[in-house]
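For reference, input_23.tsv is printed below; it contains TSV, C-alpha atoms.
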```
chain	number	residue	atom	x	y	z
A	1	MET	CA	0.00	0.00	0.00
A	2	LYS	CA	2.92	2.37	0.58
A	3	GLY	CA	3.83	2.05	-3.07
A	4	HIS	CA	0.32	2.96	-4.14
A	5	ARG	CA	0.22	5.99	-1.86
A	6	PHE	CA	3.50	7.16	-3.35
A	7	LEU	CA	2.12	6.69	-6.86
A	8	VAL	CA	-0.99	8.74	-6.12
A	9	SER	CA	1.13	11.48	-4.53
A	10	LEU	CA	3.41	11.43	-7.57
A	11	PHE	CA	0.55	12.12	-9.95
A	12	VAL	CA	-0.91	14.87	-7.75
A	13	VAL	CA	2.42	16.69	-7.49
A	14	CYS	CA	3.04	16.44	-11.24
A	15	CYS	CA	-0.45	17.64	-12.13
A	16	VAL	CA	-0.03	20.64	-9.83
A	17	LEU	CA	3.54	21.58	-10.74
A	18	ALA	CA	3.33	21.26	-14.52
A	19	PRO	CA	0.70	23.98	-15.15
A	20	VAL	CA	2.14	26.21	-12.43
A	21	PHE	CA	5.72	26.20	-13.65
A	22	GLY	CA	5.11	25.34	-17.28
A	23	ALA	CA	8.64	25.22	-18.65
A	24	TYR	CA	10.01	28.37	-17.07
A	25	THR	CA	13.63	29.00	-18.01
A	26	PHE	CA	15.99	31.64	-16.65
A	27	PHE	CA	19.68	32.68	-16.48
A	28	GLY	CA	20.33	33.21	-20.20
A	29	ASP	CA	21.58	31.36	-23.27
A	30	ASP	CA	24.86	29.86	-22.07
A	31	PHE	CA	23.65	28.49	-18.73
A	32	SER	CA	20.01	27.97	-17.90
A	33	ILE	CA	17.72	26.38	-15.33
A	34	THR	CA	14.32	25.04	-16.36
A	35	LEU	CA	11.59	24.17	-13.89
A	36	ALA	CA	9.29	21.26	-14.76
A	37	PRO	CA	10.38	20.80	-18.40
A	38	MET	CA	7.53	19.18	-20.33
A	39	ASP	CA	9.89	17.33	-22.66
A	40	PRO	CA	12.22	14.99	-20.68
A	41	LEU	CA	15.83	14.56	-21.70
A	42	TYR	CA	15.56	10.78	-21.83
A	43	LYS	CA	12.94	9.48	-24.26
A	44	GLU	CA	12.04	5.88	-23.40
A	45	SER	CA	11.76	3.12	-25.97
A	46	ARG	CA	8.59	3.59	-27.99
A	47	ALA	CA	8.12	-0.16	-28.51
A	48	TYR	CA	8.68	-1.38	-24.93
A	49	PRO	CA	5.26	-2.47	-23.54
A	50	PHE	CA	5.92	-0.83	-20.14
A	51	THR	CA	7.17	2.53	-21.40
A	52	ASN	CA	5.78	5.38	-19.29
A	53	ASN	CA	3.19	6.93	-21.59
A	54	VAL	CA	-0.57	7.10	-21.96
A	55	ALA	CA	-1.94	4.46	-24.32
A	56	PHE	CA	-5.21	2.84	-25.30
A	57	ARG	CA	-4.77	-0.24	-27.48
A	58	TYR	CA	-6.85	-2.99	-28.98
A	59	PHE	CA	-4.96	-6.17	-29.62
A	60	VAL	CA	-5.70	-9.55	-31.13
A	61	SER	CA	-3.86	-12.80	-30.44
A	62	PRO	CA	-3.83	-15.90	-32.65
A	63	LYS	CA	-6.73	-18.30	-32.10
A	64	ASP	CA	-4.49	-20.68	-30.23
A	65	ILE	CA	-5.00	-21.30	-26.51
A	66	GLN	CA	-1.26	-21.51	-25.86
A	67	TYR	CA	-1.05	-17.73	-26.40
A	68	LEU	CA	-4.07	-16.81	-24.25
A	69	PRO	CA	-3.99	-16.05	-20.50
A	70	THR	CA	-6.35	-18.57	-18.92
A	71	ASP	CA	-4.14	-19.79	-16.06
A	72	ILE	CA	-2.74	-18.42	-12.82
A	73	LEU	CA	0.64	-19.38	-11.42
A	74	ALA	CA	0.00	-20.95	-8.01
A	75	THR	CA	1.96	-22.95	-5.46
A	76	ASP	CA	1.51	-26.67	-4.91
A	77	ALA	CA	3.14	-28.01	-1.74
A	78	SER	CA	2.72	-31.63	-2.88
A	79	ALA	CA	4.54	-31.15	-6.18
A	80	ASN	CA	8.25	-31.72	-6.79
A	81	GLU	CA	8.34	-34.77	-4.50
A	82	GLY	CA	6.75	-32.87	-1.65
A	83	ASN	CA	9.20	-29.98	-1.81
A	84	GLY	CA	6.73	-27.69	-3.50
A	85	ALA	CA	6.60	-26.19	-6.99
A	86	TYR	CA	4.68	-23.69	-9.07
A	87	VAL	CA	1.76	-25.02	-11.09
A	88	ARG	CA	-0.78	-23.55	-13.48
A	89	ARG	CA	-4.36	-23.46	-12.28
A	90	SER	CA	-7.18	-22.26	-14.50
A	91	PHE	CA	-9.48	-19.36	-13.82
A	92	LYS	CA	-11.23	-19.64	-17.19
A	93	ASP	CA	-11.99	-22.40	-19.64
A	94	PRO	CA	-9.67	-22.20	-22.67
A	95	ASN	CA	-11.52	-20.73	-25.64
A	96	GLU	CA	-9.65	-19.84	-28.81
A	97	ASN	CA	-12.30	-17.20	-29.62
A	98	ASN	CA	-11.44	-15.22	-26.48
A	99	ASN	CA	-8.42	-13.73	-28.18
A	100	LYS	CA	-9.18	-10.00	-28.18
A	101	TYR	CA	-8.22	-7.51	-25.49
A	102	TRP	CA	-8.15	-3.87	-24.50
A	103	ASN	CA	-5.00	-2.42	-22.99
A	104	LEU	CA	-5.18	0.84	-21.07
A	105	LYS	CA	-2.09	2.52	-19.65
A	106	SER	CA	-1.82	5.82	-17.82
A	107	ALA	CA	1.73	6.89	-17.05
A	108	ILE	CA	4.08	9.87	-17.10
A	109	ASN	CA	7.78	10.49	-17.66
A	110	ILE	CA	8.69	14.08	-16.84
A	111	GLY	CA	11.60	16.20	-15.74
A	112	LEU	CA	11.54	18.14	-12.48
A	113	LEU	CA	14.49	20.50	-12.79
A	114	ARG	CA	16.99	20.87	-15.63
A	115	PHE	CA	20.40	22.55	-15.76
A	116	GLU	CA	21.88	23.24	-19.21
A	117	TYR	CA	25.16	24.63	-20.46
A	118	LYS	CA	24.92	25.64	-24.12
A	119	ASP	CA	24.49	22.53	-26.31
A	120	ILE	CA	27.27	20.76	-24.45
A	121	MET	CA	25.71	19.35	-21.31
A	122	ALA	CA	22.34	19.05	-19.58
A	123	LEU	CA	21.46	17.55	-16.20
A	124	GLU	CA	17.92	16.79	-15.09
A	125	GLY	CA	16.05	15.17	-12.23
A	126	TYR	CA	13.12	13.05	-13.38
A	127	ILE	CA	10.19	11.03	-12.09
A	128	HIS	CA	8.06	8.48	-13.89
A	129	GLY	CA	5.26	6.12	-12.99
A	130	GLY	CA	1.87	4.81	-13.94
A	131	LEU	CA	-0.69	2.04	-14.08
A	132	ASN	CA	-1.22	-0.58	-16.79
A	133	THR	CA	-4.19	-2.93	-17.21
A	134	VAL	CA	-5.61	-5.43	-19.70
A	135	PHE	CA	-9.22	-6.53	-19.91
A	136	GLY	CA	-11.21	-8.74	-22.23
A	137	ALA	CA	-12.83	-7.55	-25.46
A	138	TYR	CA	-14.63	-10.77	-26.33
A	139	GLY	CA	-18.05	-10.13	-24.82
A	140	GLY	CA	-16.87	-10.28	-21.24
A	141	VAL	CA	-14.71	-7.41	-20.00
A	142	ASP	CA	-13.04	-8.98	-16.98
A	143	VAL	CA	-9.97	-7.13	-15.82
A	144	LEU	CA	-7.09	-9.59	-15.95
A	145	GLY	CA	-5.02	-7.48	-13.57
A	146	PHE	CA	-3.02	-4.30	-13.31
A	147	ASP	CA	0.59	-3.28	-12.88
A	148	GLY	CA	1.91	-0.42	-10.79
A	149	GLN	CA	5.28	1.17	-11.44
A	150	TYR	CA	7.18	4.27	-10.47
A	151	GLY	CA	10.73	5.54	-10.30
A	152	ALA	CA	12.97	8.57	-10.08
A	153	GLY	CA	16.54	9.54	-10.75
A	154	VAL	CA	18.92	11.76	-12.71
A	155	THR	CA	19.47	12.15	-16.46
A	156	MET	CA	22.58	13.59	-18.10
A	157	GLN	CA	22.83	14.51	-21.78
A	158	LEU	CA	26.00	15.32	-23.72
A	159	PHE	CA	26.03	17.29	-26.98
A	160	ARG	CA	22.30	16.53	-27.45
A	161	GLN	CA	23.24	13.08	-28.70
A	162	LEU	CA	24.32	10.85	-25.83
A	163	THR	CA	21.95	10.52	-22.89
A	164	PHE	CA	22.43	8.62	-19.62
A	165	ARG	CA	19.71	7.96	-17.08
A	166	PHE	CA	20.26	6.46	-13.62
A	167	GLY	CA	17.71	5.88	-10.89
A	168	PHE	CA	15.50	3.35	-9.20
A	169	HIS	CA	12.48	1.49	-10.51
A	170	HIS	CA	9.68	-0.17	-8.58
A	171	PHE	CA	7.09	-2.30	-10.30
A	172	SER	CA	4.77	-5.14	-9.36
A	173	GLY	CA	1.73	-6.96	-10.68
A	174	HIS	CA	-1.72	-7.33	-9.10
A	175	TRP	CA	-4.64	-9.56	-9.97
A	176	GLY	CA	-8.04	-8.20	-11.03
A	177	ASP	CA	-11.00	-8.87	-8.72
A	178	GLU	CA	-12.88	-10.72	-11.45
A	179	ILE	CA	-9.97	-13.09	-11.98
A	180	LEU	CA	-9.69	-13.82	-8.25
A	181	LYS	CA	-13.42	-14.54	-8.05
A	182	ASP	CA	-13.31	-16.89	-11.04
A	183	PHE	CA	-10.24	-18.61	-9.64
A	184	MET	CA	-11.74	-19.18	-6.19
A	185	GLU	CA	-14.96	-20.53	-7.67
A	186	ARG	CA	-13.06	-22.99	-9.81
A	187	ASN	CA	-10.48	-24.02	-7.20
A	188	ASP	CA	-10.50	-24.59	-3.47
A	189	GLU	CA	-10.57	-21.33	-1.56
A	190	ASP	CA	-7.40	-22.42	0.23
A	191	SER	CA	-5.64	-22.06	-3.11
A	192	TYR	CA	-6.14	-18.29	-2.98
A	193	ASP	CA	-3.22	-17.91	-0.58
A	194	GLY	CA	-0.99	-19.72	-3.04
A	195	ILE	CA	-1.33	-17.33	-5.96
A	196	THR	CA	2.08	-16.01	-6.94
A	197	GLU	CA	2.45	-12.38	-7.96
A	198	TYR	CA	5.34	-11.06	-10.02
A	199	THR	CA	7.23	-8.33	-8.19
A	200	ARG	CA	10.45	-6.39	-8.64
A	201	ASN	CA	10.79	-3.62	-6.07
A	202	ASN	CA	13.09	-1.97	-5.88
A	203	SER	CA	15.64	-2.11	-8.69
A	204	TYR	CA	18.47	0.02	-10.00
A	205	LEU	CA	17.77	1.36	-13.48
A	206	PHE	CA	20.46	2.45	-15.91
A	207	ASP	CA	19.66	3.60	-19.46
A	208	VAL	CA	21.71	4.91	-22.36
A	209	SER	CA	20.45	6.36	-25.62
A	210	TYR	CA	22.55	7.51	-28.54
A	211	GLN	CA	21.18	9.62	-31.38
A	212	PRO	CA	23.99	10.06	-33.94
A	213	VAL	CA	21.68	11.82	-36.39
A	214	ARG	CA	18.32	13.50	-36.01
A	215	TYR	CA	16.14	10.56	-37.04
A	216	VAL	CA	18.01	7.50	-35.72
A	217	LYS	CA	18.32	6.43	-32.09
A	218	PHE	CA	19.78	3.44	-30.23
A	219	LEU	CA	18.78	2.53	-26.67
A	220	VAL	CA	20.10	0.20	-23.98
A	221	GLU	CA	18.33	-0.37	-20.66
A	222	ALA	CA	19.50	-2.42	-17.69
A	223	GLU	CA	17.49	-3.15	-14.56
A	224	LEU	CA	19.04	-4.86	-11.54
A	225	PRO	CA	17.06	-5.76	-8.38
A	226	MET	CA	18.58	-4.22	-5.29
A	227	HIS	CA	20.41	-6.38	-2.76
A	228	VAL	CA	17.81	-5.36	-0.21
A	229	GLY	CA	14.47	-5.43	-1.96
A	230	TRP	CA	11.45	-7.47	-2.76
A	231	ILE	CA	11.14	-10.12	-5.48
A	232	ARG	CA	8.48	-12.68	-6.36
A	233	PRO	CA	8.27	-15.57	-7.11
A	234	ALA	CA	10.74	-16.93	-4.54
A	235	ALA	CA	12.40	-19.10	-7.19
A	236	HIS	CA	13.53	-15.91	-8.95
A	237	VAL	CA	15.36	-14.45	-5.94
A	238	PRO	CA	19.17	-14.21	-6.23
A	239	ALA	CA	21.00	-16.17	-3.56
A	240	ASP	CA	22.49	-13.13	-1.78
A	241	ALA	CA	19.31	-11.01	-1.65
A	242	ILE	CA	17.93	-10.16	1.77
A	243	LYS	CA	14.50	-8.86	2.70
A	244	ASN	CA	13.85	-5.29	3.68
A	245	THR	CA	11.73	-4.00	6.51
A	246	SER	CA	8.08	-3.88	5.54
A	247	GLU	CA	4.62	-3.65	7.03
A	248	GLU	CA	4.25	-7.36	6.26
A	249	SER	CA	7.15	-8.15	8.58
A	250	PRO	CA	9.25	-5.62	10.49
A	251	ASP	CA	12.30	-7.88	10.81
A	252	TYR	CA	15.25	-7.13	8.57
A	253	GLY	CA	18.08	-9.05	6.98
A	254	LYS	CA	16.60	-12.51	6.49
A	255	PRO	CA	17.54	-14.37	3.30
A	256	LEU	CA	14.84	-13.22	0.92
A	257	SER	CA	14.41	-16.52	-0.94
A	258	GLY	CA	13.57	-18.40	2.22
A	259	TYR	CA	11.28	-15.69	3.52
A	260	ILE	CA	9.26	-15.43	0.29
A	261	TYR	CA	9.22	-19.22	-0.10
A	262	GLY	CA	7.72	-19.55	3.38
A	263	GLN	CA	5.02	-17.03	2.46
A	264	GLU	CA	4.21	-18.76	-0.79
A	265	PHE	CA	4.20	-22.37	0.36
A	266	GLY	CA	3.74	-22.14	4.11
A	267	SER	CA	6.00	-21.47	7.06
A	268	GLU	CA	6.90	-25.15	7.38
A	269	PHE	CA	8.68	-25.04	4.02
A	270	GLU	CA	12.29	-23.92	3.98
A	271	ARG	CA	14.45	-23.02	1.03
A	272	ASN	CA	17.48	-21.07	-0.05
A	273	ASN	CA	18.82	-20.36	-3.50
A	274	ASP	CA	22.45	-20.95	-2.59
A	275	SER	CA	22.82	-23.34	-5.52
A	276	TYR	CA	22.39	-20.43	-7.93
A	277	PRO	CA	25.63	-19.03	-9.38
A	278	SER	CA	26.76	-15.58	-8.30
A	279	SER	CA	26.17	-14.38	-11.89
A	280	TYR	CA	22.42	-14.75	-11.44
A	281	LYS	CA	20.98	-11.39	-10.35
A	282	ALA	CA	17.53	-11.43	-12.05
A	283	TRP	CA	18.68	-8.85	-14.62
A	284	ARG	CA	16.39	-7.32	-17.22
A	285	ILE	CA	18.13	-5.98	-20.31
A	286	GLY	CA	16.40	-3.95	-23.03
A	287	LEU	CA	17.74	-3.07	-26.48
A	288	GLY	CA	15.98	-0.69	-28.85
A	289	VAL	CA	16.43	0.94	-32.25
A	290	GLU	CA	14.19	3.69	-33.66
A	291	PHE	CA	13.97	5.36	-37.07
A	292	GLU	CA	11.95	8.50	-37.77
A	293	VAL	CA	10.80	9.96	-41.08
A	294	PRO	CA	9.41	13.53	-41.01
A	295	ILE	CA	6.23	14.18	-43.00
A	296	PRO	CA	5.76	17.87	-43.87
A	297	THR	CA	2.60	19.51	-42.44
A	298	VAL	CA	1.61	16.19	-40.80
A	299	GLY	CA	4.27	15.20	-38.27
A	300	LEU	CA	6.51	12.18	-38.48
A	301	SER	CA	6.33	8.42	-38.86
A	302	TYR	CA	8.57	6.00	-37.00
A	303	LEU	CA	9.65	2.41	-36.89
A	304	ALA	CA	10.67	1.22	-33.41
A	305	THR	CA	11.97	-2.16	-32.30
A	306	ASP	CA	12.52	-3.38	-28.75
A	307	LEU	CA	14.17	-6.56	-27.48
A	308	GLN	CA	13.77	-7.54	-23.81
A	309	LEU	CA	15.91	-10.17	-22.10
A	310	HIS	CA	15.00	-11.59	-18.68
A	311	GLN	CA	17.62	-13.50	-16.73
A	312	ASP	CA	14.94	-15.07	-14.51
A	313	GLY	CA	14.03	-17.19	-17.54
A	314	LYS	CA	16.93	-19.42	-16.51
A	315	ILE	CA	14.89	-20.65	-13.54
A	316	ASN	CA	12.82	-23.77	-14.22
A	317	LEU	CA	9.58	-23.16	-12.30
A	318	ASP	CA	8.71	-26.86	-12.40
A	319	THR	CA	11.83	-27.84	-10.48
A	320	LEU	CA	12.62	-24.45	-8.90
A	321	GLU	CA	16.19	-24.81	-10.08
A	322	TYR	CA	18.62	-22.66	-12.03
A	323	GLU	CA	19.60	-24.30	-15.34
A	324	SER	CA	22.83	-23.06	-16.89
A	325	ASP	CA	21.87	-24.19	-20.40
A	326	ARG	CA	18.42	-22.62	-20.19
A	327	PRO	CA	18.18	-19.36	-22.20
A	328	TRP	CA	17.10	-15.98	-20.88
A	329	ASP	CA	13.45	-15.22	-21.65
A	330	MET	CA	13.27	-13.04	-24.74
A	331	GLU	CA	10.57	-10.63	-25.92
A	332	PHE	CA	10.44	-8.79	-29.21
A	333	THR	CA	8.21	-5.87	-30.19
A	334	VAL	CA	8.11	-3.85	-33.39
A	335	ALA	CA	5.95	-0.73	-33.69
A	336	LEU	CA	5.02	1.50	-36.63
A	337	GLY	CA	3.62	4.88	-35.66
A	338	LEU	CA	2.40	8.17	-37.06
A	339	SER	CA	2.84	11.14	-34.72
A	340	LEU	CA	0.84	14.22	-35.58
A	341	GLU	CA	2.56	17.55	-35.90
A	342	GLU	CA	3.85	18.75	-32.56
A	343	VAL	CA	2.32	21.73	-30.82
A	344	ALA	CA	4.62	23.56	-28.42
A	345	ASN	CA	4.29	22.43	-24.76
A	346	LEU	CA	1.71	19.77	-25.62
A	347	PRO	CA	2.18	15.96	-25.57
A	348	ASP	CA	2.82	14.01	-28.77
A	349	PHE	CA	-0.27	12.26	-30.15
A	350	THR	CA	0.42	9.05	-32.07
A	351	ILE	CA	-1.47	6.35	-33.95
A	352	GLU	CA	0.45	3.10	-33.62
A	353	LEU	CA	0.41	-0.42	-35.05
A	354	ALA	CA	2.57	-2.98	-33.23
A	355	TYR	CA	3.43	-6.67	-33.06
A	356	HIS	CA	4.61	-8.38	-29.89
A	357	ASP	CA	6.08	-11.83	-29.32
A	358	GLY	CA	6.94	-12.57	-25.72
A	359	ARG	CA	5.46	-12.38	-22.26
A	360	PHE	CA	1.84	-11.33	-21.95
A	361	PRO	CA	1.80	-7.57	-21.22
A	362	LEU	CA	0.79	-7.95	-17.57
A	363	LEU	CA	3.49	-8.79	-15.07
A	364	ASN	CA	1.56	-11.58	-13.35
A	365	PHE	CA	1.37	-13.49	-16.64
A	366	PHE	CA	5.15	-13.46	-17.09
A	367	PHE	CA	5.05	-17.26	-17.55
A	368	GLN	CA	2.54	-17.00	-20.40
A	369	ARG	CA	4.06	-16.70	-23.86
A	370	SER	CA	1.91	-14.46	-26.06
A	371	ARG	CA	1.72	-13.06	-29.54
A	372	TYR	CA	-0.53	-10.24	-30.60
A	373	LEU	CA	-1.08	-7.46	-33.09
A	374	SER	CA	-2.20	-4.17	-31.60
A	375	LEU	CA	-3.65	-0.90	-32.86
A	376	GLY	CA	-3.86	2.06	-30.56
A	377	LEU	CA	-3.53	5.69	-29.62
A	378	VAL	CA	-0.47	6.81	-27.67
A	379	VAL	CA	0.17	10.10	-25.87
A	380	THR	CA	3.76	10.76	-24.82
A	381	ILE	CA	4.78	13.58	-22.52
```
Whole structure given in structure tokens:
Amino acid sequence: MKGHRFLVSLFVVCCVLAPVFGAYTFFGDDFSITLAPMDPLYKESRAYPFTNNVAFRYFVSPKDIQYLPTDILATDASANEGNGAYVRRSFKDPNENNNKYWNLKSAINIGLLRFEYKDIMALEGYIHGGLNTVFGAYGGVDVLGFDGQYGAGVTMQLFRQLTFRFGFHHFSGHWGDEILKDFMERNDEDSYDGITEYTRNNSYLFDVSYQPVRYVKFLVEAELPMHVGWIRPAAHVPADAIKNTSEESPDYGKPLSGYIYGQEFGSEFERNNDSYPSSYKAWRIGLGVEFEVPIPTVGLSYLATDLQLHQDGKINLDTLEYESDRPWDMEFTVALGLSLEEVANLPDFTIELAYHDGRFPLLNFFFQRSRYLSLGLVVTI
């Protein structure tokens, strides 16, 4: 709940500050300070499903139940020879015709205070955050769940070409009420306590973008869970991670894998991830390339690609073991967009067509491989 209160406060502050300060700049041409710049120095990957922007999309998956989210990842204490394992339990009967969805995302990525020296260097504090949800568009409109994310940090830009961003990132998935109801009706109510959410809070975030020419940009993003943080499922926790102090439990410094495992499977179950190599840190790596083509009197079109790599894909959730020959989970997204002509101090408005092959675009369905074609409207601050 603390995370949600922070997120609400974040939006309130931004909504108040932006119109008050606008993009007020002072001190002159060589050195300047800008309060609440509307256009952040670091522009996030357009094709990454969790980019902090406002979007409303309609997407269609193939009529193949293997690509449709009909299961929940739950714990089964009797599996894996009585040592416990994660299993899929249904909340909905598979139906290949239930392959259409709405995706609604409300998020911001804005600067707070920017220092600039000519065209040589700029330094900016930023905040970002938002909510993301997916619900059915096949007659029923059950909300599958929602994701909350927020972060803050510092961005530095050199010569208006090379941009570095460093900060923290907090994100976690939550189930929709309709899904929980369907799940409890289908399964024993005791199973409700065994539902496993996907969580990464908090993480270090480090991004680099390079724009050698006006209409080409390359992006690299790296996210590393903090040593003291919160990660779910327990099988994904690096061996050296320890739990932080929280309202769930005030004690500090316990091995996180054992603590989360006890919550997921029951206090009588013990586990540590000491068998994992020190190289396993639950990294997320993102790679992006974008090309823009200006269209006179209209705006510009763009082609954006994004590749996401998840080190936690090396964990076999059936055995709860790290497998050295198991590949990182990979996601690929390609987006084609048309942004209408920019108006000063107003967000960009874009019509976008995209294709995604990878994890379903809700964190709690990270285990569900999906493919879909989407059409939507995107607003980027």
- request: Pick out the residues sitting within 10 Å of A:Tyr101, and hand them over as a ChimeraX atom specification; count all atoms listed in the file, and ignore anything fewer than 3 positions along from it in its own chain.
  value: /A:57-61,98,104,134-138,141-144,372,374
Residues near A:Leu205, cut-off 8 Å, only C-alpha atoms, skip fewer than 4 positions along chain, as a JSON list (two decimals) with C-alpha atoms, in the frame of the given file:
```json
[["chain", "number", "residue", "atom", "x", "y", "z"],
["A", 165, "ARG", "CA", 19.71, 7.96, -17.08],
["A", 166, "PHE", "CA", 20.26, 6.46, -13.62],
["A", 167, "GLY", "CA", 17.71, 5.88, -10.89],
["A", 168, "PHE", "CA", 15.50, 3.35, -9.20],
["A", 169, "HIS", "CA", 12.48, 1.49, -10.51],
["A", 221, "GLU", "CA", 18.33, -0.37, -20.66],
["A", 222, "ALA", "CA", 19.50, -2.42, -17.69],
["A", 223, "GLU", "CA", 17.49, -3.15, -14.56],
["A", 224, "LEU", "CA", 19.04, -4.86, -11.54]]
```
Requested in this report: List the residues sitting within 10 Å of (6.2, -19.5, -21.1) in the file's frame, using all atoms listed in the file, as a ChimeraX atom specification.
Outcome: /A:66-67,313,329,358-360,365-370
Expressed in Å, the length from atom CA of A:Leu336 to atom CA of A:Lys105 is 18.4 Å
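What separates atom CA of A:Tyr117 from atom CA of A:Met38 is a distance of 18.5 Å.
Taking all atoms listed in the file into account, A:Tyr48 lies nearest to A:Thr333 out of the set A:Ser209, A:Thr333, A:Asn109, A:Asn83.
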Around (0.6, 3.0, -18.2) in the file's frame, which residues reach within 12 Å when counting only C-alpha atoms? Return as a PDB file with C-alpha atoms, keeping the file's coordinate frame?
```pdb
ATOM      1  CA  TYR A  48       8.680  -1.380 -24.930  1.00  0.00           C
ATOM      2  CA  PRO A  49       5.260  -2.470 -23.540  1.00  0.00           C
ATOM      3  CA  PHE A  50       5.920  -0.830 -20.140  1.00  0.00           C
ATOM      4  CA  THR A  51       7.170   2.530 -21.400  1.00  0.00           C
ATOM      5  CA  ASN A  52       5.780   5.380 -19.290  1.00  0.00           C
ATOM      6  CA  ASN A  53       3.190   6.930 -21.590  1.00  0.00           C
ATOM      7  CA  VAL A  54      -0.570   7.100 -21.960  1.00  0.00           C
ATOM      8  CA  ALA A  55      -1.940   4.460 -24.320  1.00  0.00           C
ATOM      9  CA  PHE A  56      -5.210   2.840 -25.300  1.00  0.00           C
ATOM     10  CA  ARG A  57      -4.770  -0.240 -27.480  1.00  0.00           C
ATOM     11  CA  ASN A 103      -5.000  -2.420 -22.990  1.00  0.00           C
ATOM     12  CA  LEU A 104      -5.180   0.840 -21.070  1.00  0.00           C
ATOM     13  CA  LYS A 105      -2.090   2.520 -19.650  1.00  0.00           C
ATOM     14  CA  SER A 106      -1.820   5.820 -17.820  1.00  0.00           C
ATOM     15  CA  ALA A 107       1.730   6.890 -17.050  1.00  0.00           C
ATOM     16  CA  ILE A 108       4.080   9.870 -17.100  1.00  0.00           C
ATOM     17  CA  ASN A 109       7.780  10.490 -17.660  1.00  0.00           C
ATOM     18  CA  HIS A 128       8.060   8.480 -13.890  1.00  0.00           C
ATOM     19  CA  GLY A 129       5.260   6.120 -12.990  1.00  0.00           C
ATOM     20  CA  GLY A 130       1.870   4.810 -13.940  1.00  0.00           C
ATOM     21  CA  LEU A 131      -0.690   2.040 -14.080  1.00  0.00           C
ATOM     22  CA  ASN A 132      -1.220  -0.580 -16.790  1.00  0.00           C
ATOM     23  CA  THR A 133      -4.190  -2.930 -17.210  1.00  0.00           C
ATOM     24  CA  VAL A 134      -5.610  -5.430 -19.700  1.00  0.00           C
ATOM     25  CA  PHE A 146      -3.020  -4.300 -13.310  1.00  0.00           C
ATOM     26  CA  ASP A 147       0.590  -3.280 -12.880  1.00  0.00           C
ATOM     27  CA  GLY A 148       1.910  -0.420 -10.790  1.00  0.00           C
ATOM     28  CA  GLN A 149       5.280   1.170 -11.440  1.00  0.00           C
ATOM     29  CA  TYR A 150       7.180   4.270 -10.470  1.00  0.00           C
ATOM     30  CA  PHE A 171       7.090  -2.300 -10.300  1.00  0.00           C
ATOM     31  CA  PRO A 361       1.800  -7.570 -21.220  1.00  0.00           C
ATOM     32  CA  LEU A 362       0.790  -7.950 -17.570  1.00  0.00           C
ATOM     33  CA  VAL A 378      -0.470   6.810 -27.670  1.00  0.00           C
ATOM     34  CA  VAL A 379       0.170  10.100 -25.870  1.00  0.00           C
ATOM     35  CA  THR A 380       3.760  10.760 -24.820  1.00  0.00           C
TER      36      THR A 380
END
```
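The coordinates place atom CA of A:Leu309 at 5.7 Å from atom CA of A:Arg284.
With only C-alpha atoms as the basis for measurement, A:Asp306 is the residue among A:Asp64, A:Asp306, A:Asp318, A:Glu116 that approaches A:Gly286 most closely.
The residue that comes closest to A:Ser324, out of A:Ser90, A:Asn244, A:Thr305, A:Ser275 and on the basis of all atoms listed in the file, is A:Ser275.
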Restricting to only C-alpha atoms, whichever of A:Gly194, A:Gly266, A:Pro327, A:Pro37 is closest to A:Glu124 is A:Pro37
In terms of only C-alpha atoms, the residue from A:Ser301, A:Asn187, A:Ser203, A:Ser78 at minimal distance from A:Ala152 is A:Ser203
Shell around A:Val154 at 10 Å using only C-alpha atoms, local window under 6 positions removed, as a PyMOL selection string
chain A and resi 41-42+111-114+123-127+164-168+206
With distances taken over all atoms listed in the file, the candidate from A:Gly253, A:Gly262, A:Pro94, A:Pro212 nearest A:Ala241 is A:Gly253
**Item:** Shell of 8 Å around A:Lys92, all atoms listed in the file, local chain residues under 6 positions omitted, as a list in words
**Value:** Thr70, Asp71, Asp182 and Phe183 of chain A
Exercise for the section: Give me the residues within 9 Å of A:Arg326 as a PyMOL selection string, counting all atoms listed in the file and dropping any in the same chain fewer than 6 places off. Expected result: chain A and resi 313-316
